[in-house]
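This report refers to the structure that appears directly beneath it.
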Amino acid sequence: MQGNRLYVGNLSYSVTEEQLKEQFAAHGEVTNITVITGKGFGFVEFSSSDMAEAAKEAMDGTELDGRTLKVDEARPPRERNDRGRGGDRNRGGGGGGRY
């Protein structure tokens with residue numbers, strides 16, 4: 001494992017950052033917790049990649065609040081295209097519509 005940040009999926013919408021920290025702290029020093037409200041996933045960051053790997057191995061497939069957790073190494077965020085869908089309309093990009 002290269003990073004020290006884990007993706008935690010299949011969370012109950014009622015799970016709090018404190019609950020997640022309690023579950024993962026047994027596997028190393030947790031430096032940051034983020035729960036994405038209303039989406040059913042979050043991120044747990046550890047002080048080292050070794051701790052993150054140990055937590056991933058221990059926590060993937062375990063149950064929290066009646067749900068089976070999916071734990072994996074977090075991927076880096078994707079770059080966002082500020083132009084949105086359809087390209088830059090001022091340059092004729094994203095065509096396909098009728099005129």
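Note on naming: chains are A, B, ... as they come in the structure tokens, residues start from 1 per chain, ligands start from 1 in the order shown.
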Using DSSP on the backbone coordinates, identify all residues within chain A classified as alpha helix (DSSP H); present the result as a PyMOL selection string. chain A and resi 17-24+49-59
For the residues in that selection, give me N, CA and C atoms as a CSV table (one decimal), in the first residue's frame.
chain,number,residue,atom,x,y,z
A,17,GLU,N,-18.4,10.5,12.5
A,17,GLU,CA,-17.0,10.5,12.4
A,17,GLU,C,-16.4,9.9,13.7
A,18,GLU,N,-17.0,10.2,14.8
A,18,GLU,CA,-16.5,9.6,16.1
A,18,GLU,C,-16.6,8.1,16.1
A,19,GLN,N,-17.8,7.6,15.6
A,19,GLN,CA,-17.9,6.1,15.6
A,19,GLN,C,-16.9,5.5,14.7
A,20,LEU,N,-16.6,6.1,13.5
A,20,LEU,CA,-15.6,5.5,12.6
A,20,LEU,C,-14.3,5.6,13.2
A,21,LYS,N,-13.9,6.7,13.9
A,21,LYS,CA,-12.6,6.8,14.6
A,21,LYS,C,-12.5,5.7,15.6
A,22,GLU,N,-13.5,5.4,16.4
A,22,GLU,CA,-13.5,4.4,17.4
A,22,GLU,C,-13.1,3.0,16.8
A,23,GLN,N,-13.8,2.7,15.7
A,23,GLN,CA,-13.5,1.4,15.1
A,23,GLN,C,-12.1,1.3,14.5
A,24,PHE,N,-11.6,2.4,13.9
A,24,PHE,CA,-10.3,2.3,13.2
A,24,PHE,C,-9.1,2.6,14.1
A,49,SER,N,1.5,4.5,6.3
A,49,SER,CA,0.9,3.6,5.3
A,49,SER,C,0.8,2.2,5.9
A,50,ASP,N,1.8,1.8,6.8
A,50,ASP,CA,1.7,0.5,7.5
A,50,ASP,C,0.5,0.4,8.4
A,51,MET,N,0.2,1.4,9.1
A,51,MET,CA,-1.0,1.4,9.9
A,51,MET,C,-2.3,1.3,9.0
A,52,ALA,N,-2.3,2.1,7.9
A,52,ALA,CA,-3.4,2.0,7.0
A,52,ALA,C,-3.6,0.6,6.4
A,53,GLU,N,-2.5,0.0,6.1
A,53,GLU,CA,-2.6,-1.4,5.5
A,53,GLU,C,-3.2,-2.4,6.6
A,54,ALA,N,-2.7,-2.2,7.8
A,54,ALA,CA,-3.2,-3.1,8.9
A,54,ALA,C,-4.7,-2.9,9.1
A,55,ALA,N,-5.1,-1.7,9.1
A,55,ALA,CA,-6.5,-1.3,9.3
A,55,ALA,C,-7.4,-1.9,8.1
A,56,LYS,N,-6.9,-1.7,6.9
A,56,LYS,CA,-7.6,-2.2,5.8
A,56,LYS,C,-7.8,-3.7,5.9
A,57,GLU,N,-6.7,-4.5,6.2
A,57,GLU,CA,-6.8,-5.9,6.3
A,57,GLU,C,-7.8,-6.3,7.4
A,58,ALA,N,-7.7,-5.6,8.6
A,58,ALA,CA,-8.5,-6.0,9.7
A,58,ALA,C,-10.0,-5.6,9.5
A,59,MET,N,-10.3,-4.4,8.9
A,59,MET,CA,-11.6,-3.9,8.9
A,59,MET,C,-12.5,-4.2,7.6
Write out as a PyMOL selection string the residues lying within 9 Å of Gly38 (chain A), counting only C-alpha atoms and excluding same-chain residues fewer than 2 positions away. chain A and resi 12-14+35-36+40-41
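Pairwise distance (CA of Thr37 (chain A), CA of Asn81 (chain A)) equals 23.6 Å.
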Nearest to Val8 (chain A), restricted to only C-alpha atoms and choosing among A:Pro76, A:Gly42, A:Ser48, A:Gly66, comes out as A:Gly42
Residues at most 9 Å from Asp65 (chain A), counting only C-alpha atoms, excluding those fewer than 2 positions away in the same chain, as a PyMOL selection string? chain A and resi 11-12+14-15+63+67-68
How would you write, as a ChimeraX atom specification, the set of residues in chain A that DSSP gives as strand (DSSP E)? /A:5-9,30-36,41-46,63-64,67-68,70-73
What is the CA of Leu6 (chain A)-CA of Gly61 (chain A) distance in Å, reported with one decimal?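 CA of Gly61 (chain A) lies at a distance of 13.9 Å from CA of Leu6 (chain A).
By chain and then residue number, the residues within 8 Å of Glu73 (chain A) are Met1, Gly3, Asn4, Arg5, Leu6, Tyr7 and Lys56 of chain A, counting only C-alpha atoms and disregarding those fewer than 5 positions away in sequence.
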Residues from last step as file, N, CA and C atoms, as a PDB file, in the first residue's frame:
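Saved file out_29.pdb follows:
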ATOM      1  N   MET A   1       0.845  -1.174   0.000  1.00  0.00           N
ATOM      2  CA  MET A   1       0.000   0.000   0.000  1.00  0.00           C
ATOM      3  C   MET A   1       0.892   1.239   0.000  1.00  0.00           C
ATOM      4  N   GLY A   3      -0.343   4.711   0.045  1.00  0.00           N
ATOM      5  CA  GLY A   3      -0.846   5.854   0.800  1.00  0.00           C
ATOM      6  C   GLY A   3      -1.228   5.491   2.217  1.00  0.00           C
ATOM      7  N   ASN A   4      -1.646   6.505   2.951  1.00  0.00           N
ATOM      8  CA  ASN A   4      -2.077   6.295   4.323  1.00  0.00           C
ATOM      9  C   ASN A   4      -3.545   6.663   4.523  1.00  0.00           C
ATOM     10  N   ARG A   5      -4.275   6.765   3.416  1.00  0.00           N
ATOM     11  CA  ARG A   5      -5.689   7.147   3.458  1.00  0.00           C
ATOM     12  C   ARG A   5      -6.537   6.005   2.918  1.00  0.00           C
ATOM     13  N   LEU A   6      -7.591   5.667   3.674  1.00  0.00           N
ATOM     14  CA  LEU A   6      -8.478   4.581   3.292  1.00  0.00           C
ATOM     15  C   LEU A   6      -9.860   5.091   2.917  1.00  0.00           C
ATOM     16  N   TYR A   7     -10.445   4.462   1.923  1.00  0.00           N
ATOM     17  CA  TYR A   7     -11.847   4.644   1.564  1.00  0.00           C
ATOM     18  C   TYR A   7     -12.645   3.631   2.383  1.00  0.00           C
ATOM     19  N   LYS A  56      -6.853  -1.732   6.940  1.00  0.00           N
ATOM     20  CA  LYS A  56      -7.575  -2.237   5.768  1.00  0.00           C
ATOM     21  C   LYS A  56      -7.787  -3.742   5.887  1.00  0.00           C
TER      22      LYS A  56
END
Please list as a ChimeraX atom specification every residue within 8 Å of Ser47 (chain A), counting only C-alpha atoms and excluding residues in the same chain fewer than 5 positions away. /A:4,28-31
Selection file, C-alpha atoms, as a JSON list (two decimals), in the first residue's frame:
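Resulting contents of again_21.json:
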[["chain", "number", "residue", "atom", "x", "y", "z"],
["A", 4, "ASN", "CA", -2.08, 6.29, 4.32],
["A", 28, "GLY", "CA", -3.13, 2.71, 14.45],
["A", 29, "GLU", "CA", -2.95, 6.46, 14.91],
["A", 30, "VAL", "CA", -5.89, 8.04, 13.08],
["A", 31, "THR", "CA", -5.03, 11.56, 11.91]]
